[in-house]
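Participant: So here's input_36.cif (mmCIF, C-alpha atoms).
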data_final
#
loop_
_atom_site.group_PDB
_atom_site.id
_atom_site.type_symbol
_atom_site.label_atom_id
_atom_site.label_comp_id
_atom_site.auth_asym_id
_atom_site.auth_seq_id
_atom_site.Cartn_x
_atom_site.Cartn_y
_atom_site.Cartn_z
ATOM 1 C CA MET T 1 108.930 103.106 124.328
ATOM 2 C CA ARG T 2 109.985 100.371 126.668
ATOM 3 C CA ARG T 3 113.179 98.265 126.527
ATOM 4 C CA SER T 4 113.721 98.980 122.877
ATOM 5 C CA TRP T 5 117.073 97.438 121.861
ATOM 6 C CA TRP T 6 115.501 94.236 120.530
ATOM 7 C CA LYS T 7 112.844 96.200 118.664
ATOM 8 C CA ILE T 8 115.608 98.138 116.864
ATOM 9 C CA LEU T 9 117.455 94.852 116.219
ATOM 10 C CA GLY T 10 114.301 93.331 114.706
ATOM 11 C CA VAL T 11 113.753 96.312 112.398
ATOM 12 C CA LEU T 12 117.424 96.340 111.313
ATOM 13 C CA LEU T 13 117.311 92.596 110.594
ATOM 14 C CA LEU T 14 114.210 93.108 108.443
ATOM 15 C CA VAL T 15 115.806 96.005 106.547
ATOM 16 C CA TYR T 16 118.797 93.716 105.916
ATOM 17 C CA THR T 17 116.443 90.927 104.815
ATOM 18 C CA PHE T 18 114.615 93.172 102.356
ATOM 19 C CA ILE T 19 117.826 94.535 100.782
ATOM 20 C CA ALA T 20 120.057 91.447 100.808
ATOM 21 C CA GLY T 21 117.116 89.136 100.117
ATOM 22 C CA LEU T 22 116.592 90.765 96.725
ATOM 23 C CA LEU T 23 120.229 91.380 95.804
ATOM 24 C CA ILE T 24 122.273 88.293 96.754
ATOM 25 C CA GLU T 25 123.208 85.628 94.261
ATOM 26 C CA VAL T 26 120.790 82.706 94.529
ATOM 27 C CA PRO T 27 121.047 79.215 92.998
ATOM 28 C CA ARG T 28 119.679 79.019 89.449
ATOM 29 C CA ASN T 29 116.905 76.481 89.870
ATOM 30 C CA PRO T 30 114.906 75.953 86.655
ATOM 31 C CA GLN T 31 111.640 75.369 88.490
ATOM 32 C CA LEU T 32 111.869 78.169 91.041
ATOM 33 C CA GLN T 33 113.904 80.845 89.207
ATOM 34 C CA GLU T 34 113.776 84.098 91.200
ATOM 35 C CA THR T 35 110.899 82.852 93.359
ATOM 36 C CA ILE T 36 113.518 81.019 95.434
ATOM 37 C CA ARG T 37 113.867 84.341 97.268
ATOM 38 C CA ASN T 38 110.457 83.697 98.835
ATOM 39 C CA LEU T 39 112.435 81.580 101.318
ATOM 40 C CA PHE T 40 113.193 84.818 103.196
ATOM 41 C CA PHE T 41 109.515 85.729 103.500
ATOM 42 C CA HIS T 42 107.126 82.767 103.159
ATOM 43 C CA VAL T 43 109.197 80.248 105.141
ATOM 44 C CA CYS T 44 110.027 82.828 107.824
ATOM 45 C CA MET T 45 106.290 83.305 108.467
ATOM 46 C CA TRP T 46 106.036 79.629 109.471
ATOM 47 C CA PHE T 47 109.167 79.729 111.612
ATOM 48 C CA GLY T 48 107.846 82.865 113.317
ATOM 49 C CA MET T 49 104.495 81.155 113.881
ATOM 50 C CA MET T 50 106.160 78.128 115.508
ATOM 51 C CA ILE T 51 108.282 80.286 117.836
ATOM 52 C CA LEU T 52 105.257 82.405 118.857
ATOM 53 C CA PHE T 53 103.200 79.256 119.527
ATOM 54 C CA ILE T 54 106.032 77.907 121.714
ATOM 55 C CA VAL T 55 106.015 81.169 123.717
ATOM 56 C CA SER T 56 102.219 80.960 124.015
ATOM 57 C CA PHE T 57 102.518 77.360 125.277
ATOM 58 C CA VAL T 58 105.135 78.323 127.888
ATOM 59 C CA ARG T 59 102.980 81.218 129.133
ATOM 60 C CA ALA T 60 99.981 78.859 129.395
ATOM 61 C CA ILE T 61 101.986 76.523 131.643
ATOM 62 C CA MET T 62 103.199 79.519 133.669
ATOM 63 C CA TYR T 63 99.581 80.588 134.164
ATOM 64 C CA LEU T 64 98.569 77.142 135.419
ATOM 65 C CA ARG T 65 101.486 77.171 137.877
ATOM 66 C CA THR T 66 101.091 80.723 139.222
ATOM 67 C CA ASN T 67 97.470 81.775 138.443
ATOM 68 C CA LYS T 68 98.673 85.278 137.499
ATOM 69 C CA PRO T 69 96.369 86.897 134.891
ATOM 70 C CA ILE T 70 99.328 88.441 133.005
ATOM 71 C CA HIS T 71 100.406 84.985 131.824
ATOM 72 C CA ASP T 72 96.890 84.209 130.617
ATOM 73 C CA ILE T 73 96.722 87.443 128.597
ATOM 74 C CA ALA T 74 100.234 86.908 127.204
ATOM 75 C CA SER T 75 99.418 83.339 126.175
ATOM 76 C CA ARG T 76 96.318 84.526 124.294
ATOM 77 C CA GLN T 77 98.114 87.385 122.501
ATOM 78 C CA TYR T 78 101.140 85.321 121.420
ATOM 79 C CA ALA T 79 98.762 82.713 120.006
ATOM 80 C CA GLY T 80 96.881 85.492 118.169
ATOM 81 C CA VAL T 81 100.002 86.868 116.477
ATOM 82 C CA GLY T 82 101.122 83.280 115.737
ATOM 83 C CA ILE T 83 97.840 82.651 113.916
ATOM 84 C CA LEU T 84 98.339 85.889 111.952
ATOM 85 C CA PHE T 85 101.801 84.676 110.857
ATOM 86 C CA GLY T 86 100.342 81.283 109.920
ATOM 87 C CA VAL T 87 97.588 82.849 107.794
ATOM 88 C CA LEU T 88 100.159 85.067 106.058
ATOM 89 C CA GLY T 89 102.302 81.965 105.457
ATOM 90 C CA TYR T 90 99.311 80.207 103.928
ATOM 91 C CA LEU T 91 98.414 83.149 101.671
ATOM 92 C CA THR T 92 101.990 83.679 100.458
ATOM 93 C CA GLY T 93 102.264 79.924 99.882
ATOM 94 C CA ALA T 94 99.114 80.040 97.748
ATOM 95 C CA ILE T 95 100.618 82.756 95.551
ATOM 96 C CA TRP T 96 103.999 80.998 95.264
ATOM 97 C CA MET T 97 102.339 77.641 94.507
ATOM 98 C CA SER T 98 100.202 79.006 91.703
ATOM 99 C CA TYR T 99 103.400 79.932 89.790
ATOM 100 C CA THR T 100 105.599 76.914 90.518
ATOM 101 C CA TRP T 101 103.371 73.875 91.132
ATOM 102 C CA ILE T 102 100.651 74.159 88.547
ATOM 103 C CA ASP T 103 100.600 71.815 85.595
ATOM 104 C CA SER T 104 101.409 74.091 82.664
ATOM 105 C CA ASN T 105 98.949 72.143 80.491
ATOM 106 C CA LYS T 106 96.071 72.942 82.824
ATOM 107 C CA SER T 107 94.681 76.110 84.336
ATOM 108 C CA VAL T 108 95.478 76.998 87.946
ATOM 109 C CA PHE T 109 91.927 76.056 88.905
ATOM 110 C CA ASN T 110 92.162 72.614 87.280
ATOM 111 C CA SER T 111 95.496 71.890 88.973
ATOM 112 C CA PHE T 112 93.750 72.279 92.310
ATOM 113 C CA ASP T 113 92.862 68.577 92.666
ATOM 114 C CA THR T 114 96.535 67.608 92.961
ATOM 115 C CA ILE T 115 97.500 70.616 95.049
ATOM 116 C CA ALA T 116 94.686 70.045 97.561
ATOM 117 C CA ARG T 117 96.200 66.651 98.412
ATOM 118 C CA GLU T 118 99.508 68.075 99.610
ATOM 119 C CA PRO T 119 100.190 66.721 103.126
ATOM 120 C CA LYS T 120 101.945 69.943 104.135
ATOM 121 C CA LEU T 121 98.912 72.053 103.260
ATOM 122 C CA ILE T 122 96.488 69.741 105.052
ATOM 123 C CA GLY T 123 98.727 69.539 108.147
ATOM 124 C CA ALA T 124 99.149 73.310 108.322
ATOM 125 C CA ALA T 125 95.401 73.779 107.875
ATOM 126 C CA ILE T 126 94.695 71.368 110.756
ATOM 127 C CA ALA T 127 97.185 73.193 113.008
ATOM 128 C CA LEU T 128 95.695 76.601 112.212
ATOM 129 C CA LEU T 129 92.123 75.361 112.725
ATOM 130 C CA VAL T 130 93.052 73.863 116.109
ATOM 131 C CA TYR T 131 94.411 77.269 117.138
ATOM 132 C CA ALA T 132 91.354 79.044 115.679
ATOM 133 C CA ALA T 133 89.228 76.793 117.920
ATOM 134 C CA TYR T 134 91.336 78.055 120.850
ATOM 135 C CA LEU T 135 90.101 81.604 120.183
ATOM 136 C CA VAL T 136 86.484 80.440 119.821
ATOM 137 C CA LEU T 137 86.641 78.368 123.031
ATOM 138 C CA ARG T 138 88.241 81.198 124.966
ATOM 139 C CA ASP T 139 85.733 83.833 123.941
ATOM 140 C CA SER T 140 82.766 81.551 124.656
ATOM 141 C CA ILE T 141 83.444 81.396 128.429
ATOM 142 C CA GLN T 142 82.180 84.306 130.548
ATOM 143 C CA ASP T 143 83.787 83.510 133.884
ATOM 144 C CA ILE T 144 87.293 85.041 133.908
ATOM 145 C CA ASP T 145 89.093 82.407 136.015
ATOM 146 C CA LYS T 146 87.412 79.497 134.285
ATOM 147 C CA ARG T 147 88.201 81.030 130.883
ATOM 148 C CA ALA T 148 91.871 81.457 131.767
ATOM 149 C CA ARG T 149 92.264 77.921 133.108
ATOM 150 C CA ILE T 150 90.357 76.099 130.364
ATOM 151 C CA SER T 151 92.047 78.050 127.572
ATOM 152 C CA ALA T 152 95.489 77.411 129.115
ATOM 153 C CA VAL T 153 94.800 73.669 129.174
ATOM 154 C CA TYR T 154 93.457 73.760 125.612
ATOM 155 C CA ASN T 155 96.546 75.735 124.535
ATOM 156 C CA ILE T 156 98.767 72.881 125.721
ATOM 157 C CA PHE T 157 96.644 70.434 123.720
ATOM 158 C CA ALA T 158 96.794 72.673 120.627
ATOM 159 C CA PHE T 159 100.580 72.848 120.940
ATOM 160 C CA ALA T 160 100.776 69.059 121.197
ATOM 161 C CA MET T 161 98.754 68.859 117.956
ATOM 162 C CA LEU T 162 101.504 70.796 116.166
ATOM 163 C CA PHE T 163 103.807 67.773 116.451
ATOM 164 C CA PRO T 164 101.839 65.322 114.266
ATOM 165 C CA SER T 165 100.209 67.937 112.021
ATOM 166 C CA ILE T 166 103.249 69.962 110.957
ATOM 167 C CA TRP T 167 106.402 68.374 112.350
ATOM 168 C CA ILE T 168 105.896 64.629 111.791
ATOM 169 C CA ILE T 169 103.298 63.530 109.228
ATOM 170 C CA PRO T 170 104.202 65.989 106.404
ATOM 171 C CA ARG T 171 107.853 65.014 106.871
ATOM 172 C CA LEU T 172 107.103 61.329 106.216
ATOM 173 C CA LEU T 173 105.057 61.707 103.049
ATOM 174 C CA ASP T 174 106.074 62.594 99.527
ATOM 175 C CA SER T 175 105.018 66.044 98.455
ATOM 176 C CA LEU T 176 105.605 68.757 95.884
ATOM 177 C CA HIS T 177 106.415 70.968 98.843
ATOM 178 C CA PRO T 178 110.093 70.850 99.895
ATOM 179 C CA GLY T 179 110.806 69.432 103.343
ATOM 180 C CA GLY T 180 108.947 66.149 102.859
ATOM 181 C CA SER T 181 110.464 62.685 102.998
ATOM 182 C CA GLU T 182 113.635 63.913 101.255
ATOM 183 C CA GLY T 183 114.637 66.162 104.166
ATOM 184 C CA ASN T 184 114.430 69.880 104.735
ATOM 185 C CA PRO T 185 116.306 71.865 102.064
ATOM 186 C CA ALA T 186 116.124 75.124 104.019
ATOM 187 C CA LEU T 187 117.901 73.719 107.065
ATOM 188 C CA ASP T 188 120.107 71.041 105.492
ATOM 189 C CA PRO T 189 123.632 72.528 105.257
ATOM 190 C CA GLY T 190 124.313 70.620 102.046
ATOM 191 C CA SER T 191 121.231 71.852 100.229
ATOM 192 C CA ALA T 192 120.582 75.571 100.575
ATOM 193 C CA SER T 193 123.462 77.707 99.334
ATOM 194 C CA ALA T 194 125.610 79.334 102.003
ATOM 195 C CA ASN T 195 124.620 82.712 100.566
ATOM 196 C CA MET T 196 120.964 82.076 101.195
ATOM 197 C CA ARG T 197 121.474 80.932 104.759
ATOM 198 C CA LEU T 198 123.299 84.224 105.380
ATOM 199 C CA VAL T 199 119.957 85.972 104.848
ATOM 200 C CA PHE T 200 117.576 83.201 105.925
ATOM 201 C CA TYR T 201 118.553 82.966 109.614
ATOM 202 C CA PRO T 202 118.607 86.749 110.236
ATOM 203 C CA ALA T 203 115.249 86.922 108.436
ATOM 204 C CA ILE T 204 113.705 84.388 110.837
ATOM 205 C CA ALA T 205 115.031 86.384 113.819
ATOM 206 C CA GLY T 206 113.806 89.692 112.363
ATOM 207 C CA TRP T 207 110.270 88.518 111.584
ATOM 208 C CA THR T 208 109.970 86.790 114.968
ATOM 209 C CA LEU T 209 111.110 89.916 116.847
ATOM 210 C CA ILE T 210 108.493 92.002 114.997
ATOM 211 C CA GLY T 211 105.868 89.404 115.945
ATOM 212 C CA VAL T 212 106.957 89.567 119.594
ATOM 213 C CA TRP T 213 106.802 93.381 119.469
ATOM 214 C CA ILE T 214 103.205 93.323 118.182
ATOM 215 C CA ALA T 215 102.272 90.738 120.829
ATOM 216 C CA THR T 216 103.782 92.798 123.697
ATOM 217 C CA LEU T 217 101.878 95.889 122.500
ATOM 218 C CA LYS T 218 98.633 93.919 122.579
ATOM 219 C CA ILE T 219 99.447 92.490 126.019
ATOM 220 C CA ARG T 220 100.075 95.977 127.426
ATOM 221 C CA MET T 221 96.827 97.243 125.865
ATOM 222 C CA LYS T 222 94.862 94.356 127.354
ATOM 223 C CA MET T 223 96.445 94.925 130.793
ATOM 224 C CA LEU T 224 95.450 98.628 130.691
ATOM 225 C CA TYR T 225 91.923 97.590 129.725
ATOM 226 C CA GLU T 226 91.679 95.079 132.561
ATOM 227 C CA GLN T 227 92.938 97.650 135.079
ATOM 228 C CA LYS T 228 90.366 100.146 133.868
ATOM 229 C CA LEU T 229 87.602 97.561 134.290
ATOM 230 C CA SER T 230 88.662 96.706 137.837
ATOM 231 C CA GLN T 231 88.771 100.338 138.982
ATOM 232 C CA MET W 1 138.896 55.544 82.478
ATOM 233 C CA LYS W 2 139.240 58.056 79.670
ATOM 234 C CA LYS W 3 135.688 57.317 78.615
ATOM 235 C CA LEU W 4 134.471 57.850 82.147
ATOM 236 C CA ILE W 5 136.179 61.232 82.403
ATOM 237 C CA SER W 6 134.780 62.379 79.071
ATOM 238 C CA ILE W 7 131.266 61.325 80.093
ATOM 239 C CA PHE W 8 131.711 63.128 83.376
ATOM 240 C CA THR W 9 132.888 66.337 81.711
ATOM 241 C CA LEU W 10 130.013 66.131 79.243
ATOM 242 C CA LEU W 11 127.579 65.800 82.140
ATOM 243 C CA LEU W 12 129.220 68.707 83.899
ATOM 244 C CA LEU W 13 129.081 70.819 80.740
ATOM 245 C CA THR W 14 125.397 70.128 80.171
ATOM 246 C CA PHE W 15 124.752 70.941 83.807
ATOM 247 C CA PHE W 16 126.441 74.322 83.477
ATOM 248 C CA ALA W 17 124.759 74.964 80.146
ATOM 249 C CA ASN W 18 121.425 74.261 81.798
ATOM 250 C CA ALA W 19 122.298 76.490 84.700
ATOM 251 C CA GLN W 20 122.920 79.357 82.304
ATOM 252 C CA ASP W 21 119.633 78.724 80.512
ATOM 253 C CA VAL W 22 117.495 79.272 83.582
ATOM 254 C CA SER W 23 115.982 82.691 83.095
ATOM 255 C CA MET W 24 116.458 84.922 86.110
ATOM 256 C CA ALA W 25 115.943 88.647 86.585
ATOM 257 C CA ASP W 26 119.403 89.359 85.153
ATOM 258 C CA THR W 27 118.305 92.362 83.079
ATOM 259 C CA MET W 28 116.578 93.789 86.126
ATOM 260 C CA LYS W 29 119.915 93.740 87.926
ATOM 261 C CA GLU W 30 121.937 94.943 84.941
ATOM 262 C CA ASN W 31 119.919 98.101 84.369
ATOM 263 C CA GLY W 32 119.494 98.650 88.091
ATOM 264 C CA LYS W 33 115.707 98.609 88.265
ATOM 265 C CA ILE W 34 115.768 96.056 91.097
ATOM 266 C CA TYR W 35 116.619 98.988 93.385
ATOM 267 C CA VAL W 36 113.191 100.442 92.623
ATOM 268 C CA VAL W 37 111.606 97.330 94.127
ATOM 269 C CA ILE W 38 113.841 97.602 97.179
ATOM 270 C CA ALA W 39 112.885 101.271 97.604
ATOM 271 C CA VAL W 40 109.179 100.365 97.444
ATOM 272 C CA ILE W 41 109.295 97.518 99.969
ATOM 273 C CA LEU W 42 111.543 99.491 102.332
ATOM 274 C CA THR W 43 109.012 102.356 102.235
ATOM 275 C CA ILE W 44 106.230 99.963 103.188
ATOM 276 C CA LEU W 45 108.371 98.469 105.973
ATOM 277 C CA ALA W 46 109.196 101.975 107.250
ATOM 278 C CA GLY W 47 105.490 102.834 107.303
ATOM 279 C CA PHE W 48 104.651 99.743 109.354
ATOM 280 C CA VAL W 49 107.529 100.324 111.776
ATOM 281 C CA LEU W 50 106.592 103.993 112.297
ATOM 282 C CA TYR W 51 103.026 102.894 113.002
ATOM 283 C CA LEU W 52 104.267 100.374 115.593
ATOM 284 C CA ILE W 53 106.540 102.988 117.243
ATOM 285 C CA ARG W 54 103.648 105.489 117.511
ATOM 286 C CA LEU W 55 101.403 102.812 119.005
ATOM 287 C CA ASP W 56 104.159 101.846 121.472
ATOM 288 C CA ARG W 57 104.607 105.494 122.535
ATOM 289 C CA LYS W 58 100.856 105.983 123.012
ATOM 290 C CA ILE W 59 100.566 102.874 125.186
ATOM 291 C CA SER W 60 103.578 103.982 127.255
ATOM 292 C CA LYS W 61 101.862 107.341 127.839
ATOM 293 C CA LEU W 62 98.647 105.637 128.954
ATOM 294 C CA GLU W 63 100.647 103.391 131.320
ATOM 295 C CA LYS W 64 102.235 106.490 132.905
ATOM 296 C CA ASN W 65 98.946 108.342 133.303
ATOM 297 C CA LYS W 66 97.046 105.646 135.108
#
Written as structure tokens, that's how I'd like the structure from this file.

Facilitator:
Amino acid sequence: MRRSWWKILGVLLLVYTFIAGLLIEVPRNPQLQETIRNLFFHVCMWFGMMILFIVSFVRAIMYLRTNKPIHDIASRQYAGVGILFGVLGYLTGAIWMSYTWIDSNKSVFNSFDTIAREPKLIGAAIALLVYAAYLVLRDSIQDIDKRARISAVYNIFAFAMLFPSIWIIPRLLDSLHPGGSEGNPALDPGSASANMRLVFYPAIAGWTLIGVWIATLKIRMKMLYEQKLSQ
Amino acid sequence: MKKLISIFTLLLLTFFANAQDVSMADTMKENGKIYVVIAVILTILAGFVLYLIRLDRKISKLEKNK
């Protein structure tokens, strides 16, 4: 194992998240009840995704500046793990939503017409599809240098699309989802209880470190593969 | 002023009454069964981490052998 202190830190932070996340006192919110604890899991997926996409974006710029293949591979793998986190965030959100957003007079299926109009869901879907197109574009080019350069440029565009699709437009519109025009309850010091923030921030760090670990493993695998091909 | 204070206390009281009415997993904590859930999710986490460590070791070995 290489340079492992941050891997251990990530695992310890997650163990702490799993224990404290289920045991601490949380605010008694009549709509959320115990599901408020999903903050430590569902929301952290999205924060992890954003951080991994930022790393992917930085590596794409580094590739364009230096032309070293390692940056190209790293950019691709960080984006891949970021997409995984985003999909997990979407799935966990779907489960959470079907218990807290549905109209109790209708079935889950019939509540779908209101839920499908949520700006946060549409924005996140656009962001994930833009990154999915990155993978498709990348794999459709045979020439190695051309593939690296075009996908690095597209990566910068995809990152720029994150701003309107998840950081600006959903914040301006009213929504059932917290973090709309009323501000972000998870980050606002006056809103989330101090107890919850004690778990929430370590949870973000823990999940992100695990994501980085997976990405570095994939980068090292890809580098071995490339070296084998060039021999 | 007196009226205002009494209205305020009434509001406060109803707020606390409401807060108590929200059903949470209190019984789960009282009889300790929440620890079962923690044991289960920690086992799953341990499984994933062990898998990652094994993968990391294998890749390190391959990197040395090349």

Participant: Given the file shown, determine the residues that the PyMOL selection byres ((chain W) within 9 of (chain T)) selects; report them as an mmCIF file with C-alpha atoms, keeping the file's coordinate frame.

Facilitator:
data_model
loop_
_atom_site.group_PDB
_atom_site.id
_atom_site.type_symbol
_atom_site.label_atom_id
_atom_site.label_comp_id
_atom_site.auth_asym_id
_atom_site.auth_seq_id
_atom_site.Cartn_x
_atom_site.Cartn_y
_atom_site.Cartn_z
ATOM 1 C CA ASN W 18 121.425 74.261 81.798
ATOM 2 C CA ALA W 19 122.298 76.490 84.700
ATOM 3 C CA GLN W 20 122.920 79.357 82.304
ATOM 4 C CA ASP W 21 119.633 78.724 80.512
ATOM 5 C CA VAL W 22 117.495 79.272 83.582
ATOM 6 C CA SER W 23 115.982 82.691 83.095
ATOM 7 C CA MET W 24 116.458 84.922 86.110
ATOM 8 C CA ALA W 25 115.943 88.647 86.585
ATOM 9 C CA LYS W 29 119.915 93.740 87.926
ATOM 10 C CA ILE W 34 115.768 96.056 91.097
ATOM 11 C CA TYR W 35 116.619 98.988 93.385
ATOM 12 C CA VAL W 37 111.606 97.330 94.127
ATOM 13 C CA ILE W 38 113.841 97.602 97.179
ATOM 14 C CA ALA W 39 112.885 101.271 97.604
ATOM 15 C CA ILE W 41 109.295 97.518 99.969
ATOM 16 C CA LEU W 42 111.543 99.491 102.332
ATOM 17 C CA LEU W 45 108.371 98.469 105.973
ATOM 18 C CA ALA W 46 109.196 101.975 107.250
ATOM 19 C CA VAL W 49 107.529 100.324 111.776
ATOM 20 C CA LEU W 52 104.267 100.374 115.593
ATOM 21 C CA ILE W 53 106.540 102.988 117.243
ATOM 22 C CA ARG W 54 103.648 105.489 117.511
ATOM 23 C CA LEU W 55 101.403 102.812 119.005
ATOM 24 C CA ASP W 56 104.159 101.846 121.472
ATOM 25 C CA ARG W 57 104.607 105.494 122.535
ATOM 26 C CA LYS W 58 100.856 105.983 123.012
ATOM 27 C CA ILE W 59 100.566 102.874 125.186
ATOM 28 C CA SER W 60 103.578 103.982 127.255
ATOM 29 C CA LYS W 61 101.862 107.341 127.839
ATOM 30 C CA LEU W 62 98.647 105.637 128.954
ATOM 31 C CA GLU W 63 100.647 103.391 131.320
ATOM 32 C CA LYS W 66 97.046 105.646 135.108
#

Participant: At what distance in Å, to one decimal, does CA of Ala79 (chain T) lie from CA of Tyr51 (chain W)?

Facilitator: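 Straight-line distance from CA of Tyr51 (chain W) to CA of Ala79 (chain T) works out to 21.8 Å.
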
Participant: List the residues selected by the PyMOL selection byres ((chain T and resi 141-150) around 10) in the file shown, writing them as number ranges by chain.

Facilitator: T: 60-61, 63-64, 67-69, 71-73, 75-76, 134, 136-140, 151-155

Participant: Would you export the selected residues with C-alpha atoms as a CSV table (one decimal), keeping the file's coordinate frame, please?

Facilitator:
chain,number,residue,atom,x,y,z
T,60,ALA,CA,100.0,78.9,129.4
T,61,ILE,CA,102.0,76.5,131.6
T,63,TYR,CA,99.6,80.6,134.2
T,64,LEU,CA,98.6,77.1,135.4
T,67,ASN,CA,97.5,81.8,138.4
T,68,LYS,CA,98.7,85.3,137.5
T,69,PRO,CA,96.4,86.9,134.9
T,71,HIS,CA,100.4,85.0,131.8
T,72,ASP,CA,96.9,84.2,130.6
T,73,ILE,CA,96.7,87.4,128.6
T,75,SER,CA,99.4,83.3,126.2
T,76,ARG,CA,96.3,84.5,124.3
T,134,TYR,CA,91.3,78.1,120.8
T,136,VAL,CA,86.5,80.4,119.8
T,137,LEU,CA,86.6,78.4,123.0
T,138,ARG,CA,88.2,81.2,125.0
T,139,ASP,CA,85.7,83.8,123.9
T,140,SER,CA,82.8,81.6,124.7
T,151,SER,CA,92.0,78.0,127.6
T,152,ALA,CA,95.5,77.4,129.1
T,153,VAL,CA,94.8,73.7,129.2
T,154,TYR,CA,93.5,73.8,125.6
T,155,ASN,CA,96.5,75.7,124.5

Participant: How big is the axis-aligned box around all listed atoms of region 23-26 of chain W once 4 Å goes on each side, and where's its centre, in Å to one decimal, as lines of an AutoDock Vina configuration file?

Facilitator:
center_x = 117.7
center_y = 86.0
center_z = 84.8
size_x = 11.5
size_y = 14.7
size_z = 11.5

Participant: What do you get, as a ChimeraX atom specification, if you spell out every residue that the PyMOL selection byres ((chain T and resi 175) around 10) selects here?

Facilitator: /T:115,117-121,170-174,176-182

Participant: At a cut-off of 9 Å around the point (102.2, 83.2, 105.1) (file coordinates), what residues fall inside when counting only C-alpha atoms? I'd like the answer as a list of chain:residue names.

Facilitator: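 Residues close enough to count: T:Phe41, T:His42, T:Val43, T:Cys44, T:Met45, T:Trp46, T:Leu84, T:Phe85, T:Gly86, T:Val87, T:Leu88, T:Gly89, T:Tyr90, T:Leu91, T:Thr92, T:Gly93, T:Ala94.
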
Participant: Could you work out how far CA of Leu52 (chain T) lies from CA of Gly211 (chain T), giving the answer in Å with one decimal?

Facilitator: 7.6 Å

Participant: Work out how far CA of Leu135 (chain T) is from CA of Ser165 (chain T), in Å to one decimal.

Facilitator: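 Here the two named atoms are 18.9 Å from each other.
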
Participant: As an mmCIF file, keeping the file's coordinate frame, please: region 24-40 of chain W completed to N, CA and C atoms.

Facilitator:
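Result went into out.cif, see below:
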data_model
loop_
_atom_site.group_PDB
_atom_site.id
_atom_site.type_symbol
_atom_site.label_atom_id
_atom_site.label_comp_id
_atom_site.auth_asym_id
_atom_site.auth_seq_id
_atom_site.Cartn_x
_atom_site.Cartn_y
_atom_site.Cartn_z
ATOM 1 N N MET W 24 116.582 84.211 84.841
ATOM 2 C CA MET W 24 116.458 84.922 86.110
ATOM 3 C C MET W 24 116.285 86.398 85.785
ATOM 4 N N ALA W 25 116.153 87.210 86.811
ATOM 5 C CA ALA W 25 115.943 88.647 86.585
ATOM 6 C C ALA W 25 117.269 89.346 86.326
ATOM 7 N N ASP W 26 118.069 88.801 85.401
ATOM 8 C CA ASP W 26 119.403 89.359 85.153
ATOM 9 C C ASP W 26 119.336 90.778 84.598
ATOM 10 N N THR W 27 118.416 91.008 83.653
ATOM 11 C CA THR W 27 118.305 92.362 83.079
ATOM 12 C C THR W 27 117.921 93.365 84.145
ATOM 13 N N MET W 28 117.024 92.910 85.044
ATOM 14 C CA MET W 28 116.578 93.789 86.126
ATOM 15 C C MET W 28 117.775 94.266 86.945
ATOM 16 N N LYS W 29 118.748 93.363 87.140
ATOM 17 C CA LYS W 29 119.915 93.740 87.926
ATOM 18 C C LYS W 29 120.872 94.582 87.094
ATOM 19 N N GLU W 30 120.990 94.217 85.787
ATOM 20 C CA GLU W 30 121.937 94.943 84.941
ATOM 21 C C GLU W 30 121.566 96.412 84.809
ATOM 22 N N ASN W 31 120.270 96.687 84.537
ATOM 23 C CA ASN W 31 119.919 98.101 84.369
ATOM 24 C C ASN W 31 119.505 98.764 85.679
ATOM 25 N N GLY W 32 119.651 98.003 86.791
ATOM 26 C CA GLY W 32 119.494 98.650 88.091
ATOM 27 C C GLY W 32 118.081 98.813 88.595
ATOM 28 N N LYS W 33 117.092 98.359 87.845
ATOM 29 C CA LYS W 33 115.707 98.609 88.265
ATOM 30 C C LYS W 33 115.317 97.827 89.521
ATOM 31 N N ILE W 34 116.104 96.814 89.893
ATOM 32 C CA ILE W 34 115.768 96.056 91.097
ATOM 33 C C ILE W 34 115.780 96.974 92.319
ATOM 34 N N TYR W 35 116.560 98.059 92.258
ATOM 35 C CA TYR W 35 116.619 98.988 93.385
ATOM 36 C C TYR W 35 115.299 99.715 93.582
ATOM 37 N N VAL W 36 114.518 99.828 92.492
ATOM 38 C CA VAL W 36 113.191 100.442 92.623
ATOM 39 C C VAL W 36 112.323 99.580 93.535
ATOM 40 N N VAL W 37 112.401 98.256 93.302
ATOM 41 C CA VAL W 37 111.606 97.330 94.127
ATOM 42 C C VAL W 37 112.022 97.447 95.587
ATOM 43 N N ILE W 38 113.349 97.505 95.794
ATOM 44 C CA ILE W 38 113.841 97.602 97.179
ATOM 45 C C ILE W 38 113.343 98.895 97.823
ATOM 46 N N ALA W 39 113.369 99.991 97.063
ATOM 47 C CA ALA W 39 112.885 101.271 97.604
ATOM 48 C C ALA W 39 111.419 101.144 97.996
ATOM 49 N N VAL W 40 110.615 100.488 97.162
ATOM 50 C CA VAL W 40 109.179 100.365 97.444
ATOM 51 C C VAL W 40 108.954 99.538 98.708
#
